[in-house]
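Structure file work.txt with compact mmCIF, C-alpha atoms:
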# COMPACT_ATOMS: atom_id res chain seq x y z
CA VAL A 256 41.39 -22.53 34.67
CA PRO A 257 44.80 -23.21 33.12
CA GLY A 258 44.58 -24.20 29.45
CA ARG A 259 41.00 -23.03 29.03
CA PRO A 260 40.52 -20.26 26.43
CA PRO A 261 39.18 -16.98 27.74
CA PRO A 262 35.42 -16.46 27.35
CA PRO A 263 34.36 -14.60 24.23
CA ALA A 264 33.98 -10.88 24.56
CA PRO A 265 30.39 -9.67 24.82
CA PRO A 266 28.99 -8.26 21.57
CA PRO A 267 29.21 -4.50 21.25
CA PRO A 268 26.00 -2.57 21.92
CA PRO A 269 23.98 -1.91 18.81
CA ALA A 270 24.78 1.36 17.13
CA GLU A 271 22.15 4.02 17.54
CA THR A 272 20.18 4.40 14.34
CA ARG A 273 19.62 7.99 13.29
CA LEU A 274 15.98 8.56 12.50
CA ARG A 275 15.58 9.52 8.89
CA GLU A 276 13.27 12.50 8.88
CA THR A 277 12.24 15.35 11.14
CA LYS A 278 9.31 17.70 10.75
CA ALA A 279 11.61 20.19 9.01
CA ASP A 280 12.55 17.48 6.50
CA LEU A 281 8.85 16.79 5.96
CA GLU A 282 8.11 20.45 5.30
CA ALA A 283 10.97 20.67 2.80
CA LEU A 284 9.79 17.49 1.06
CA ALA A 285 6.25 18.83 0.80
CA LYS A 286 7.45 21.92 -1.03
CA GLU A 287 9.49 19.79 -3.42
CA LEU A 288 6.52 17.53 -4.16
CA ASN A 289 4.01 20.33 -4.69
CA PRO A 290 5.27 23.92 -4.49
CA THR A 291 1.71 25.23 -4.91
CA VAL A 292 0.17 23.44 -1.93
CA GLY A 293 3.34 23.08 0.13
CA PHE A 294 3.17 21.63 3.62
CA TYR A 295 -0.43 20.75 4.53
CA ASP A 296 -1.09 19.17 7.90
CA PRO A 297 -4.33 20.67 9.30
CA LEU A 298 -4.60 18.05 12.06
CA GLY A 299 -1.01 18.49 13.17
CA LEU A 300 -0.29 14.76 12.91
CA SER A 301 3.39 15.34 12.16
CA SER A 302 3.76 16.94 15.59
CA GLN A 303 2.16 14.03 17.44
CA ASN A 304 3.81 11.13 19.21
CA PHE A 305 1.89 8.01 18.18
CA TRP A 306 1.93 5.16 20.72
CA GLY A 307 4.45 7.03 22.84
CA LYS A 308 6.98 7.17 20.00
CA SER A 309 9.07 10.19 19.17
CA GLU A 310 8.04 12.79 16.62
CA GLU A 311 10.58 11.42 14.13
CA GLU A 312 9.30 7.87 14.53
CA THR A 313 5.74 9.13 14.04
CA ILE A 314 6.78 10.92 10.85
CA GLY A 315 8.34 7.68 9.60
CA PHE A 316 5.04 5.91 10.23
CA LEU A 317 3.02 8.63 8.46
CA ARG A 318 5.36 8.67 5.45
CA HIS A 319 5.22 4.90 5.09
CA ALA A 320 1.44 4.86 5.52
CA GLU A 321 0.94 7.48 2.81
CA ILE A 322 3.17 5.64 0.34
CA LYS A 323 1.38 2.37 1.06
CA HIS A 324 -2.07 3.93 0.67
CA GLY A 325 -0.94 5.52 -2.57
CA ARG A 326 0.23 2.18 -3.96
CA VAL A 327 -3.05 0.51 -3.04
CA ALA A 328 -5.00 3.40 -4.57
CA MET A 329 -3.03 3.22 -7.83
CA ALA A 330 -3.76 -0.50 -8.10
CA ALA A 331 -7.42 0.02 -7.15
CA PHE A 332 -7.91 2.88 -9.61
CA LEU A 333 -6.58 0.83 -12.51
CA GLY A 334 -8.45 -2.22 -11.23
CA PHE A 335 -11.75 -0.34 -11.21
CA ILE A 336 -11.22 0.69 -14.83
CA ALA A 337 -10.16 -2.82 -15.85
CA GLN A 338 -13.17 -4.37 -14.14
CA CYS A 339 -15.46 -2.13 -16.19
CA THR A 340 -14.18 -3.59 -19.45
CA PRO A 341 -15.83 -6.56 -21.19
CA LEU A 342 -12.52 -8.41 -20.97
CA VAL A 343 -12.93 -8.68 -17.21
CA SER A 344 -16.63 -8.20 -16.53
CA GLY A 345 -17.90 -10.01 -19.63
CA GLU A 346 -18.66 -13.66 -20.23
CA HIS A 347 -15.90 -16.20 -19.50
CA GLN A 348 -15.54 -19.73 -20.75
CA PHE A 349 -13.99 -20.64 -17.42
CA LEU A 350 -15.56 -18.79 -14.51
CA PRO A 351 -13.00 -16.90 -12.38
CA TYR A 352 -14.85 -17.86 -9.20
CA ARG A 353 -17.96 -19.71 -8.10
CA GLY A 354 -21.04 -17.54 -8.45
CA TYR A 355 -19.54 -15.26 -11.10
CA VAL A 356 -22.06 -12.98 -12.80
CA ALA A 357 -21.17 -11.15 -16.01
CA GLY A 358 -21.93 -7.50 -16.66
CA VAL A 359 -21.94 -6.20 -13.09
CA THR A 360 -20.04 -3.30 -11.52
CA PRO A 361 -16.61 -3.70 -9.88
CA GLN A 362 -18.18 -3.42 -6.42
CA GLU A 363 -20.75 -6.09 -7.28
CA GLN A 364 -17.98 -8.33 -8.55
CA TRP A 365 -16.47 -8.21 -5.06
CA ASP A 366 -19.87 -8.86 -3.47
CA ASN A 367 -20.31 -11.97 -5.63
CA ILE A 368 -17.03 -13.56 -4.55
CA PRO A 369 -17.75 -16.34 -2.02
CA GLN A 370 -16.87 -15.52 1.56
CA ALA A 371 -14.08 -18.11 1.59
CA GLY A 372 -12.52 -16.44 -1.44
CA LYS A 373 -12.62 -13.02 0.23
CA LEU A 374 -10.96 -14.43 3.34
CA GLN A 375 -8.21 -15.96 1.20
CA ILE A 376 -7.55 -12.58 -0.41
CA ILE A 377 -7.38 -10.89 2.99
CA ALA A 378 -5.06 -13.62 4.33
CA PHE A 379 -2.75 -13.19 1.33
CA VAL A 380 -2.63 -9.43 1.84
CA GLY A 381 -1.92 -10.03 5.52
CA MET A 382 1.04 -12.23 4.62
CA LEU A 383 2.44 -9.51 2.36
CA GLU A 384 1.89 -6.99 5.14
CA SER A 385 3.79 -9.13 7.66
CA TYR A 386 6.74 -9.44 5.29
CA GLY A 387 6.64 -5.70 4.71
CA GLU A 388 6.88 -5.14 8.45
CA GLY A 389 10.05 -7.20 8.65
CA ALA A 390 8.72 -10.66 9.55
CA GLY A 391 11.58 -13.14 9.48
CA ASN A 392 14.23 -10.41 9.88
CA PRO A 393 15.07 -10.02 6.17
CA ASP A 394 18.62 -9.00 5.32
CA GLY A 395 19.21 -5.28 5.16
CA TYR A 396 15.82 -4.37 6.58
CA THR A 397 15.43 -1.44 8.97
CA HIS A 398 11.95 -0.53 10.14
CA TYR A 399 10.65 2.78 8.83
CA THR A 400 10.19 4.13 12.36
CA LYS A 401 13.81 3.28 13.20
CA GLY A 402 15.55 5.08 10.38
CA GLY A 403 14.56 2.82 7.48
CA LEU A 404 13.43 4.14 4.13
CA PRO A 405 9.65 4.78 4.09
CA GLY A 406 7.98 2.65 1.46
CA PHE A 407 10.79 0.09 1.29
CA TYR A 408 9.61 -3.49 0.83
CA PRO A 409 12.14 -6.26 1.50
CA SER A 410 12.78 -9.09 -0.91
CA ILE A 411 10.35 -12.00 -0.52
CA LYS A 412 11.89 -14.23 -3.16
CA GLY A 413 12.46 -17.66 -1.65
CA LYS A 414 10.11 -17.06 1.27
CA GLY A 415 7.30 -19.42 2.20
CA ALA A 416 9.61 -22.45 2.25
CA GLY A 417 10.80 -21.51 -1.23
CA GLN A 418 7.32 -21.30 -2.72
CA ILE A 419 7.57 -17.58 -3.53
CA THR A 420 9.68 -17.33 -6.67
CA PHE A 421 9.29 -13.61 -7.43
CA ASP A 422 9.76 -10.36 -5.58
CA LEU A 423 6.74 -8.13 -5.14
CA TYR A 424 8.63 -5.19 -6.62
CA LYS A 425 10.45 -5.75 -9.89
CA PRO A 426 9.61 -9.46 -10.23
CA PHE A 427 11.39 -9.69 -13.58
CA PRO A 428 14.85 -8.20 -14.22
CA ILE A 429 13.76 -6.42 -17.40
CA PHE A 430 14.36 -2.83 -16.27
CA PRO A 431 17.84 -1.27 -16.27
CA GLU A 432 19.51 -0.39 -13.00
CA GLN A 433 18.94 3.16 -11.83
CA SER A 434 21.26 5.64 -10.23
CA GLU A 435 20.52 6.91 -6.74
CA ALA A 436 19.35 10.22 -8.22
CA GLN A 437 16.92 8.41 -10.51
CA LYS A 438 15.62 6.33 -7.60
CA GLU A 439 15.13 9.45 -5.49
CA ARG A 440 13.19 11.12 -8.30
CA GLY A 441 11.10 7.98 -8.75
CA ARG A 442 10.17 8.01 -5.07
CA ARG A 443 9.02 11.61 -5.38
CA VAL A 444 6.95 10.80 -8.47
CA GLU A 445 5.42 7.79 -6.71
CA VAL A 446 4.16 9.92 -3.82
CA ASN A 447 2.49 12.42 -6.18
CA ASN A 448 1.01 9.64 -8.31
CA GLY A 449 -0.30 7.94 -5.18
CA ARG A 450 -1.97 11.13 -4.00
CA ALA A 451 -3.60 11.61 -7.39
CA ALA A 452 -4.75 7.97 -7.36
CA MET A 453 -6.33 8.33 -3.92
CA LEU A 454 -8.34 11.31 -5.13
CA GLY A 455 -9.17 9.50 -8.38
CA LEU A 456 -10.33 6.34 -6.64
CA MET A 457 -12.59 8.25 -4.27
CA SER A 458 -14.06 10.12 -7.22
CA LEU A 459 -14.91 6.82 -8.93
CA LEU A 460 -16.53 5.41 -5.80
CA SER A 461 -18.41 8.66 -5.12
CA ALA A 462 -19.75 8.93 -8.66
CA SER A 463 -20.77 5.29 -8.50
CA ALA A 464 -22.69 5.75 -5.25
CA VAL A 465 -24.12 9.26 -5.76
CA PRO A 466 -24.89 10.08 -9.42
CA GLY A 467 -23.80 13.59 -10.32
CA SER A 468 -21.50 14.01 -7.32
CA VAL A 469 -18.47 14.17 -9.61
CA PRO A 470 -19.33 16.45 -12.57
CA ALA A 471 -16.31 15.30 -14.58
CA LEU A 472 -17.69 11.75 -14.59
CA SER A 473 -21.37 12.59 -15.00
CA GLY A 474 -21.15 12.69 -18.79
CA ILE A 475 -19.80 9.15 -19.12
CA GLU A 476 -22.62 7.03 -20.52
CA GLY A 477 -23.14 3.80 -18.63
CA PHE A 478 -20.92 4.75 -15.69
CA PRO A 479 -21.35 1.91 -13.15
CA GLN A 480 -23.79 2.64 -10.33
CA TYR A 481 -23.70 0.81 -7.01
CA SER A 482 -26.39 0.81 -4.34
CA GLY A 483 -24.37 -1.03 -1.69
CA ASN A 484 -21.86 0.32 0.80
CA VAL A 485 -18.18 -0.01 -0.09
CA MET A 486 -17.30 0.62 3.56
CA ILE A 487 -18.96 -2.70 4.50
CA PRO A 488 -16.95 -5.21 2.45
CA PHE A 489 -18.74 -8.25 3.91
CA GLU A 490 -22.22 -6.76 3.73
CA GLY A 491 -23.55 -9.69 1.73
CA ASP A 492 -21.90 -12.33 3.92
CA PHE A 493 -22.36 -11.35 7.54
CA THR A 494 -22.72 -8.32 9.76
CA LEU A 495 -21.61 -7.49 13.26
CA PHE A 496 -24.50 -5.13 13.90

Any chance you could give the structure as structure tokens?
Amino acid sequence: VPGRPPPPAPPPPPAETRLRETKADLEALAKELNPTVGFYDPLGLSSQNFWGKSEEETIGFLRHAEIKHGRVAMAAFLGFIAQCTPLVSGEHQFLPYRGYVAGVTPQEQWDNIPQAGKLQIIAFVGMLESYGEGAGNPDGYTHYTKGGLPGFYPSIKGKGAGQITFDLYKPFPIFPEQSEAQKERGRRVEVNNGRAAMLGLMSLLSASAVPGSVPALSGIEGFPQYSGNVMIPFEGDFTLF
């Protein structure tokens, strides 16, 4: 039509994202992290194709899952120790939750939380998980199976209609900026610390459930003992079987 501007050109096709790591990269990383053990994959998971994805996408998933489990284990390991101290498990002028009982083990502290409180905790963790998976298309985010950095967590500051005022990582700008080499080293250290924390957490839970199962902890007087089942987190609330 005369005088009408030409239609806009269609957007270019998205550039193909190069997947970050191959199995060879994983083997090299394993030797860097622990030269003594090296690459250890007895089940051959790094050669699998989860959910029909490629091997590289599967490796991205496994790397991210390990980092995430390591972070949770580090928090849980320190939390177990903190919950054994009188500061946390002792008497409180203001009860932290309804039904609080002083002087019980960390596992019993969880059991004593009302069911509604447990569901709130799980819902909060689910919200963090959704943000970590890229909910809301945060700026600069690339999924870890599509070439993104395993373990990366996008900024959540300002999310939730502005109610979230801090980022999950580095909530306060009190640490100096790091070079890329320092960040890379920190990521390596985090993986090793996470692996140690996973072993440490399981040792605490094992020694708590089966006295004497962890000789290194057997000599600790008053080590908390638990007769319940940590694999059934809602054992005291409801059961499906």

Query raised in the report: Counting only C-alpha atoms, what is within 12 Å of Gly415 of chain A, bar same-chain residues fewer than 3 positions away, as an MDAnalysis selection string?
Result: chainID A and resid 379 382:383 386 390:391 411:412 418:421

Query raised in the report: Which residue, A:Leu350, A:Cys339, A:Val356, A:Ala330, has the smallest gap to Gln480 of chain A when you use all atoms listed in the file?
Result: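 Closest candidate: A:Cys339.
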
Report task. Using all atoms listed in the file, determine which residues lie at most 9 Å from Val446 of chain A, disregarding the query and same-chain residues fewer than 3 positions distant; provide the list as a list in words. Result ->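 In the requested form, the answer reads Leu288, Glu321, Ile322, Gly325, Arg326, Gly441, Arg442, Arg443, Gly449, Arg450 and Ala451 of chain A.
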
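Comparing the minimum interatomic distances between Trp306 of chain A and each of A:Thr400, A:Phe430, A:Arg353, A:Lys278, counting only C-alpha atoms, we find that A:Thr400 sits nearest.
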
Query raised in the report: How many Å separate atom CA of Leu459 of chain A from atom CA of Pro341 of chain A?
Result: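 Answer for the atom CA of Leu459 of chain A to atom CA of Pro341 of chain A separation: 18.2 Å.
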
Query raised in the report: Interatomic distance between atom CA of Leu460 of chain A and atom CA of Phe335 of chain A?
Result: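 These two atoms are separated by 9.2 Å.
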
Requested in this report: Give the answer as one residue: which of A:Glu388, A:Glu312, A:Glu445, A:Glu490 has the shortest atom-to-atom distance to Trp365 of chain A, using only C-alpha atoms?
Outcome: A:Glu490

Query - Computed interatomic separation between atom CA of Lys401 of chain A and atom CA of Lys308 of chain A (Å) - result: 10.4 Å

**Report entry** Among the residues A:Pro290, A:Ile314, A:Glu363, A:Tyr399, the one that comes closest to Ser482 of chain A [using all atoms listed in the file]
**Finding:**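 Among the listed residues, the smallest separation from Ser482 of chain A belongs to A:Glu363.
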
Requested in this report: Point out the residue among A:Glu439, A:Asp422, A:Glu432, A:Asp492 with the least atom-to-atom distance to Pro405 of chain A, counting all atoms listed in the file.
Outcome: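 Nearest candidate to Pro405 of chain A out of A:Glu439, A:Asp422, A:Glu432, A:Asp492: A:Glu439.
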
Contacts of Phe493 of chain A at 10 Å (all atoms listed in the file; same-chain gap of 5+ positions) as a compact mmCIF listing (two decimals) with C-alpha atoms, in the frame of the given file:
# COMPACT_ATOMS: atom_id res chain seq x y z
CA GLN A 370 -16.87 -15.52 1.56
CA ILE A 487 -18.96 -2.70 4.50
CA PRO A 488 -16.95 -5.21 2.45

Requested in this report: Within 6 Å of (-20.2, -11.7, -2.5) (coordinates as in the file), grab all the protein and nucleic acid residues, counting all atoms listed in the file, and write them out as a VMD selection string.
Outcome: chain A and resid 365 to 369 491
